[in-house]
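Trainee: The structure file start28.cif (mmCIF, C-alpha atoms) is provided below.
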data_target
#
loop_
_atom_site.label_atom_id
_atom_site.label_comp_id
_atom_site.auth_asym_id
_atom_site.auth_seq_id
_atom_site.Cartn_x
_atom_site.Cartn_y
_atom_site.Cartn_z
CA MET Z 8 -11.74 63.17 20.92
CA VAL Z 9 -9.35 61.62 23.41
CA ASN Z 10 -8.25 63.71 26.36
CA LEU Z 11 -4.63 63.19 27.41
CA PHE Z 12 -5.84 62.73 30.99
CA ASP Z 13 -8.86 60.53 30.27
CA HIS Z 14 -9.44 57.87 32.97
CA ILE Z 15 -6.96 59.59 35.28
CA SER Z 16 -8.37 61.13 38.46
CA ASP Z 17 -7.52 64.71 39.40
CA ARG Z 18 -5.42 63.40 42.26
CA ASN Z 19 -3.46 61.07 40.00
CA LYS Z 20 -3.16 63.79 37.37
CA ASP Z 21 -1.35 65.95 39.93
CA LYS Z 22 0.90 62.99 40.78
CA LEU Z 23 1.56 62.39 37.09
CA LEU Z 24 2.56 65.99 36.39
CA LYS Z 25 4.86 65.91 39.40
CA LEU Z 26 6.34 62.60 38.26
CA LEU Z 27 7.02 64.05 34.80
CA GLU Z 28 8.37 67.29 36.31
CA ALA Z 29 5.97 69.26 34.14
CA ASN Z 30 6.06 73.05 33.86
CA ILE Z 31 2.79 74.97 33.56
CA PHE Z 32 2.55 78.38 31.88
CA THR Z 33 -0.38 80.76 31.43
CA PHE Z 34 -0.35 83.15 28.47
CA LYS Z 35 -2.57 86.08 27.59
CA LYS Z 36 -4.40 86.29 24.27
CA ASP Z 37 -2.22 87.12 21.23
CA SER Z 38 1.02 86.08 22.95
CA MET Z 39 3.92 84.71 20.91
CA ILE Z 40 5.01 81.67 22.91
CA LEU Z 41 7.47 79.78 20.72
CA SER Z 42 10.46 80.98 22.76
CA THR Z 43 9.01 79.18 25.79
CA ILE Z 44 9.18 75.77 24.11
CA LYS Z 45 12.03 76.40 21.68
CA GLU Z 46 14.04 73.55 23.16
CA GLU Z 47 14.10 70.32 21.21
CA ASN Z 48 12.37 67.20 22.54
CA VAL Z 49 9.62 68.75 24.58
CA ILE Z 50 5.89 68.11 24.39
CA GLY Z 51 3.41 70.93 24.86
CA ILE Z 52 -0.15 70.24 26.01
CA VAL Z 53 -2.91 72.82 25.65
CA SER Z 54 -4.55 72.48 29.06
CA SER Z 55 -7.02 75.25 28.22
CA GLY Z 56 -7.40 77.86 25.50
CA TYR Z 57 -6.71 77.88 21.78
CA ILE Z 58 -3.43 78.42 19.92
CA GLN Z 59 -2.17 78.37 16.34
CA ILE Z 60 1.15 77.42 14.78
CA VAL Z 61 1.76 79.92 11.97
CA ARG Z 62 4.41 80.36 9.29
CA ASN Z 63 5.43 83.74 7.89
CA ASP Z 64 7.76 83.32 4.91
CA TYR Z 65 10.27 85.85 3.57
CA ASN Z 66 7.63 87.25 1.16
CA GLY Z 67 5.32 88.06 4.06
CA ASN Z 68 2.86 85.26 3.27
CA ARG Z 69 1.11 83.90 6.36
CA THR Z 70 -0.03 80.29 6.60
CA ILE Z 71 -1.78 78.63 9.53
CA ILE Z 72 0.05 75.34 9.91
CA GLU Z 73 -1.98 73.91 12.76
CA GLU Z 74 -4.87 74.76 15.07
CA LEU Z 75 -4.54 73.52 18.63
CA GLU Z 76 -7.54 73.44 20.94
CA GLU Z 77 -7.86 72.19 24.52
CA ASN Z 78 -6.14 68.79 25.03
CA SER Z 79 -4.11 69.15 21.83
CA ILE Z 80 -0.39 68.38 21.88
CA PHE Z 81 2.48 69.96 19.98
CA GLY Z 82 6.25 70.10 19.94
CA SER Z 83 9.34 69.84 17.77
CA MET Z 84 8.68 66.13 17.21
CA PHE Z 85 5.26 66.82 15.67
CA SER Z 86 5.67 70.16 13.89
CA SER Z 87 8.50 72.05 12.15
CA ILE Z 88 8.58 74.79 14.75
CA SER Z 89 12.36 75.04 15.04
CA ASN Z 90 12.50 77.05 11.81
CA ASP Z 91 12.72 80.82 12.34
CA GLU Z 92 9.73 81.36 10.02
CA TYR Z 93 7.40 79.69 12.51
CA ASP Z 94 5.70 80.98 15.61
CA ILE Z 95 3.03 79.87 18.06
CA VAL Z 96 0.28 82.38 18.85
CA THR Z 97 -2.39 82.21 21.54
CA LYS Z 98 -5.81 83.16 20.12
CA GLU Z 99 -7.28 83.36 23.61
CA GLU Z 100 -5.89 83.12 27.13
CA SER Z 101 -4.23 79.70 27.28
CA LYS Z 102 -2.65 77.40 29.83
CA ILE Z 103 0.18 75.26 28.46
CA ILE Z 104 1.85 72.24 30.08
CA ILE Z 105 5.44 71.59 28.97
CA ILE Z 106 7.07 68.18 29.55
CA GLU Z 107 10.51 67.04 28.46
CA TYR Z 108 10.36 63.94 26.29
CA GLU Z 109 13.04 62.20 28.35
CA ARG Z 110 10.81 62.46 31.43
CA ILE Z 111 8.03 60.64 29.60
CA ILE Z 112 10.07 57.64 28.49
CA ARG Z 113 11.77 56.85 31.79
CA SER Z 114 11.26 53.13 32.45
CA SER Z 115 10.69 53.66 36.18
CA ASN Z 116 7.40 55.41 35.35
CA ASN Z 117 5.90 52.07 34.33
CA ASN Z 118 5.29 51.27 37.99
CA TYR Z 119 2.30 53.63 38.04
CA SER Z 120 -1.03 52.65 36.50
CA PHE Z 121 -1.96 56.31 35.84
CA TYR Z 122 1.28 56.72 33.86
CA ASN Z 123 0.42 53.70 31.67
CA GLN Z 124 -3.02 55.19 31.04
CA PHE Z 125 -1.36 58.49 30.12
CA ILE Z 126 0.82 56.69 27.53
CA GLN Z 127 -2.23 54.96 26.03
CA ASN Z 128 -3.98 58.30 25.69
CA LEU Z 129 -0.87 59.90 24.22
CA LEU Z 130 -0.54 57.19 21.55
CA GLN Z 131 -4.21 57.60 20.59
CA ILE Z 132 -3.76 61.37 20.28
CA LEU Z 133 -0.68 60.87 18.12
CA SER Z 134 -2.71 58.56 15.87
CA ASP Z 135 -5.44 61.21 15.59
CA LYS Z 136 -2.77 63.82 14.84
CA ILE Z 137 -1.43 61.75 11.96
CA ASN Z 138 -4.97 61.50 10.55
CA GLU Z 139 -5.37 65.27 10.81
CA LYS Z 140 -2.12 65.85 8.95
CA ASN Z 141 -3.22 63.43 6.25
CA ASN Z 142 -6.49 65.35 5.94
CA ARG Z 143 -4.55 68.60 5.61
CA ILE Z 144 -2.48 67.09 2.80
CA GLU Z 145 -5.70 66.04 1.04
CA ILE Z 146 -6.93 69.63 1.22
CA LEU Z 147 -3.72 71.31 0.09
CA THR Z 148 -3.20 68.95 -2.86
CA LYS Z 149 -6.51 70.00 -4.42
CA LYS Z 150 -5.72 72.18 -7.43
CA THR Z 151 -8.60 74.70 -7.27
CA ILE Z 152 -9.86 76.98 -4.52
CA ARG Z 153 -13.33 75.47 -4.88
CA ASN Z 154 -12.07 71.94 -4.35
CA LYS Z 155 -9.94 73.00 -1.38
CA LEU Z 156 -12.99 74.59 0.25
CA LEU Z 157 -15.26 71.62 -0.46
CA GLU Z 158 -12.67 69.14 0.82
CA TYR Z 159 -12.23 71.18 4.02
CA PHE Z 160 -16.00 71.38 4.54
CA LYS Z 161 -16.36 67.63 3.93
CA ILE Z 162 -13.67 66.75 6.48
CA ILE Z 163 -15.08 69.05 9.17
CA SER Z 164 -18.65 67.86 8.52
CA LYS Z 165 -17.58 64.23 8.82
CA LYS Z 166 -15.59 64.93 11.98
CA ASN Z 167 -18.52 66.69 13.67
CA GLY Z 168 -21.25 64.44 12.25
CA SER Z 169 -23.23 67.43 11.01
CA LYS Z 170 -23.78 69.43 7.83
CA ASN Z 171 -23.58 72.57 9.97
CA ILE Z 172 -19.99 73.82 10.23
CA TYR Z 173 -18.91 76.51 12.67
CA LEU Z 174 -15.58 77.96 11.62
CA PRO Z 175 -13.17 78.13 14.58
CA PHE Z 176 -11.54 81.22 13.09
CA SER Z 177 -12.19 84.18 10.79
CA PHE Z 178 -12.49 83.90 7.00
CA THR Z 179 -9.11 85.60 6.70
CA GLU Z 180 -7.62 82.85 8.85
CA LEU Z 181 -9.48 80.23 6.80
CA ALA Z 182 -7.69 81.56 3.70
CA ASP Z 183 -4.40 81.38 5.61
CA TYR Z 184 -5.18 77.81 6.67
CA LEU Z 185 -5.98 76.75 3.10
CA ALA Z 186 -3.00 78.72 1.71
CA ILE Z 187 -5.16 80.64 -0.77
CA ASP Z 188 -5.86 84.27 -1.61
CA ARG Z 189 -8.53 85.84 0.63
CA SER Z 190 -10.30 87.75 -2.17
CA ALA Z 191 -10.33 84.75 -4.50
CA MET Z 192 -11.71 82.59 -1.68
CA SER Z 193 -14.50 85.11 -1.00
CA ARG Z 194 -15.52 85.00 -4.67
CA GLU Z 195 -15.58 81.21 -4.65
CA LEU Z 196 -17.64 81.10 -1.44
CA LYS Z 197 -20.16 83.45 -3.10
CA ASN Z 198 -20.26 81.18 -6.16
CA LEU Z 199 -20.84 78.11 -4.00
CA LYS Z 200 -23.64 79.93 -2.19
CA ASP Z 201 -25.28 81.17 -5.42
CA GLU Z 202 -25.08 77.69 -6.93
CA GLY Z 203 -26.83 76.13 -3.94
CA PHE Z 204 -23.89 74.20 -2.50
CA ILE Z 205 -23.76 76.04 0.83
CA GLU Z 206 -25.47 78.58 3.05
CA ILE Z 207 -23.38 81.11 4.96
CA LYS Z 208 -24.43 82.97 8.09
CA SER Z 209 -21.55 84.67 9.87
CA ARG Z 210 -19.11 81.82 10.67
CA LYS Z 211 -21.79 79.14 10.28
CA ILE Z 212 -21.71 77.24 7.01
CA THR Z 213 -24.43 74.72 6.13
CA LEU Z 214 -23.72 72.13 3.47
CA LEU Z 215 -26.63 71.65 1.08
CA TYR Z 216 -25.10 69.01 -1.17
#
Could you rewrite the structure in this file as structure tokens?

Mentor:
Amino acid sequence: MVNLFDHISDRNKDKLLKLLEANIFTFKKDSMILSTIKEENVIGIVSSGYIQIVRNDYNGNRTIIEELEENSIFGSMFSSISNDEYDIVTKEESKIIIIEYERIIRSSNNNYSFYNQFIQNLLQILSDKINEKNNRIEILTKKTIRNKLLEYFKIISKKNGSKNIYLPFSFTELADYLAIDRSAMSRELKNLKDEGFIEIKSRKITLLY
């Protein structure tokens, strides 16, 4: 996974953040932080921690739209977070860097080699983000709970290069992420286990197929 500051020294990273007039915020676990980046045309960078973009519709249904770990990026250009149904929640203490898009595209920045490296990294991360969204579409378009689970497991297994999958969140949150009923998902996981497709031990899932 590409780090936004790959091949940029700590010294040049500090210069870069100053050049881009970045703002850095630290949030406690379970903080709602959307109001901090509500403005249009800003990019958020998860410097450390883990956050989720969630949607709560008018019926009270909760869906995890996106998981964002360290080095992930987010913002109004990448996610539909301007809608009032959305929020951003920190799942652990997190440090967030906020940069205005206009600061990033200033032509005068091209004079700095560390800025050009930053743009290369950013474009690679955007490419990876598009792939992740395409994977999410593949999951959500599956018609049955079983196929949604198996598609999710396949994608994570391929990404990690292992048949051992460690869920980054609870099973309740997995149901929210897959947009399926928690009880129905639990029954299907049991069926998959009984039929020899998977083994389950806490949040560790081993693929046997």

Trainee: Go through region 87-176 of chain Z and flag each residue having an atom no more than 12 Å from region 73-79 of chain Z; for those, report the closest pair of atoms plus their distance in Å to one decimal, using all atoms listed in the file, ordered by chain and rising number, as a Markdown table.

Mentor:
| residue | atom | partner | partner_atom | distance |
| --- | --- | --- | --- | --- |
| Z:Ser87 | CA | Z:Glu73 | CA | 10.7 |
| Z:Ile88 | CA | Z:Glu73 | CA | 10.8 |
| Z:Tyr93 | CA | Z:Glu73 | CA | 11.0 |
| Z:Asp94 | CA | Z:Glu73 | CA | 10.8 |
| Z:Ile95 | CA | Z:Glu73 | CA | 9.4 |
| Z:Val96 | CA | Z:Glu74 | CA | 9.9 |
| Z:Thr97 | CA | Z:Leu75 | CA | 9.4 |
| Z:Lys98 | CA | Z:Leu75 | CA | 9.8 |
| Z:Glu99 | CA | Z:Glu76 | CA | 10.3 |
| Z:Glu100 | CA | Z:Glu77 | CA | 11.4 |
| Z:Ser101 | CA | Z:Glu77 | CA | 8.8 |
| Z:Lys102 | CA | Z:Glu77 | CA | 9.1 |
| Z:Ile103 | CA | Z:Glu77 | CA | 9.5 |
| Z:Ile104 | CA | Z:Asn78 | CA | 10.1 |
| Z:Asn128 | CA | Z:Asn78 | CA | 10.7 |
| Z:Leu129 | CA | Z:Ser79 | CA | 10.1 |
| Z:Gln131 | CA | Z:Ser79 | CA | 11.6 |
| Z:Ile132 | CA | Z:Ser79 | CA | 7.9 |
| Z:Leu133 | CA | Z:Ser79 | CA | 9.7 |
| Z:Asp135 | CA | Z:Ser79 | CA | 10.2 |
| Z:Lys136 | CA | Z:Ser79 | CA | 8.9 |
| Z:Glu139 | CA | Z:Glu73 | CA | 9.5 |
| Z:Lys140 | CA | Z:Glu73 | CA | 8.9 |
| Z:Asn142 | CA | Z:Glu73 | CA | 11.8 |
| Z:Arg143 | CA | Z:Glu73 | CA | 9.3 |
| Z:Leu174 | CA | Z:Glu74 | CA | 11.7 |
| Z:Pro175 | CA | Z:Glu74 | CA | 9.0 |
| Z:Phe176 | CA | Z:Glu74 | CA | 9.5 |

Trainee: Could you check how far CA of Ala191 (chain Z) sits from CA of Asn167 (chain Z), in Å to one decimal?

Mentor: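 A separation of 26.9 Å between them.
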
Trainee: Every residue with an atom at most 12 Å from (-16.6, 82.8, -3.1) (file coordinates; only C-alpha atoms) is what I'm after, so could you write them as a ChimeraX atom specification?

Mentor: /Z:152-157,178,182,187-202,204-207

Trainee: Give me the region 13-50 of chain Z side of the contact with region 108-124 of chain Z, cut-off 12 Å, one line per residue showing its nearest atom pair and distance in Å at one decimal, counting only C-alpha atoms, sorted by chain and residue number, as a Markdown table.

Mentor:
| residue | atom | partner | partner_atom | distance |
| --- | --- | --- | --- | --- |
| Z:Asp13 | CA | Z:Gln124 | CA | 8.0 |
| Z:His14 | CA | Z:Gln124 | CA | 7.2 |
| Z:Ile15 | CA | Z:Phe121 | CA | 6.0 |
| Z:Ser16 | CA | Z:Phe121 | CA | 8.4 |
| Z:Asp17 | CA | Z:Phe121 | CA | 10.7 |
| Z:Arg18 | CA | Z:Phe121 | CA | 10.2 |
| Z:Asn19 | CA | Z:Phe121 | CA | 6.5 |
| Z:Lys20 | CA | Z:Phe121 | CA | 7.7 |
| Z:Asp21 | CA | Z:Phe121 | CA | 10.5 |
| Z:Lys22 | CA | Z:Phe121 | CA | 8.8 |
| Z:Leu23 | CA | Z:Tyr122 | CA | 6.5 |
| Z:Leu24 | CA | Z:Tyr122 | CA | 9.7 |
| Z:Lys25 | CA | Z:Arg110 | CA | 10.5 |
| Z:Leu26 | CA | Z:Asn116 | CA | 7.8 |
| Z:Leu27 | CA | Z:Arg110 | CA | 5.3 |
| Z:Glu28 | CA | Z:Arg110 | CA | 7.3 |
| Z:Ala29 | CA | Z:Arg110 | CA | 8.8 |
| Z:Asn30 | CA | Z:Arg110 | CA | 11.9 |
| Z:Glu46 | CA | Z:Tyr108 | CA | 10.8 |
| Z:Glu47 | CA | Z:Tyr108 | CA | 9.0 |
| Z:Asn48 | CA | Z:Tyr108 | CA | 5.4 |
| Z:Val49 | CA | Z:Tyr108 | CA | 5.2 |
| Z:Ile50 | CA | Z:Tyr108 | CA | 6.4 |

Trainee: Find the distance between CA of Ser55 (chain Z) and CA of Lys211 (chain Z) and write it in Å to one decimal.

Mentor: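 Between these atoms lies a distance of 23.6 Å.
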
Trainee: Kindly give the distance, in Å, that separates CA of Lys170 (chain Z) and CA of Thr70 (chain Z), rounded to a single decimal.

Mentor: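 The value is 26.1 Å.
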
Trainee: May I ask which of the residues Z:Ser209, Z:Lys161, Z:Ile106, Z:Glu92 is the closest one to Asn63 (chain Z), counting all atoms listed in the file?

Mentor: Z:Glu92

Trainee: Of the candidates Z:Glu180, Z:Asn66, Z:Asn138, Z:Ser42, which shows the shortest atom-to-atom distance to Asp91 (chain Z), using only C-alpha atoms?

Mentor: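 Of Z:Glu180, Z:Asn66, Z:Asn138, Z:Ser42, the one nearest Asp91 (chain Z), counting only C-alpha atoms, is Z:Ser42.
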
Trainee: Nearest to Asn171 (chain Z): which of Z:Ile212, Z:Ile137, Z:Leu147, Z:Leu41 is it, counting all atoms listed in the file?

Mentor: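 Of Z:Ile212, Z:Ile137, Z:Leu147, Z:Leu41, the one nearest Asn171 (chain Z), counting all atoms listed in the file, is Z:Ile212.
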
Trainee: Mind listing as JSON, numbers by chain all residues within 7 Å of (-1.9, 76.2, 4.3), counting all atoms listed in the file?

Mentor: {"Z": [70, 71, 72, 147, 183, 184, 185, 186]}
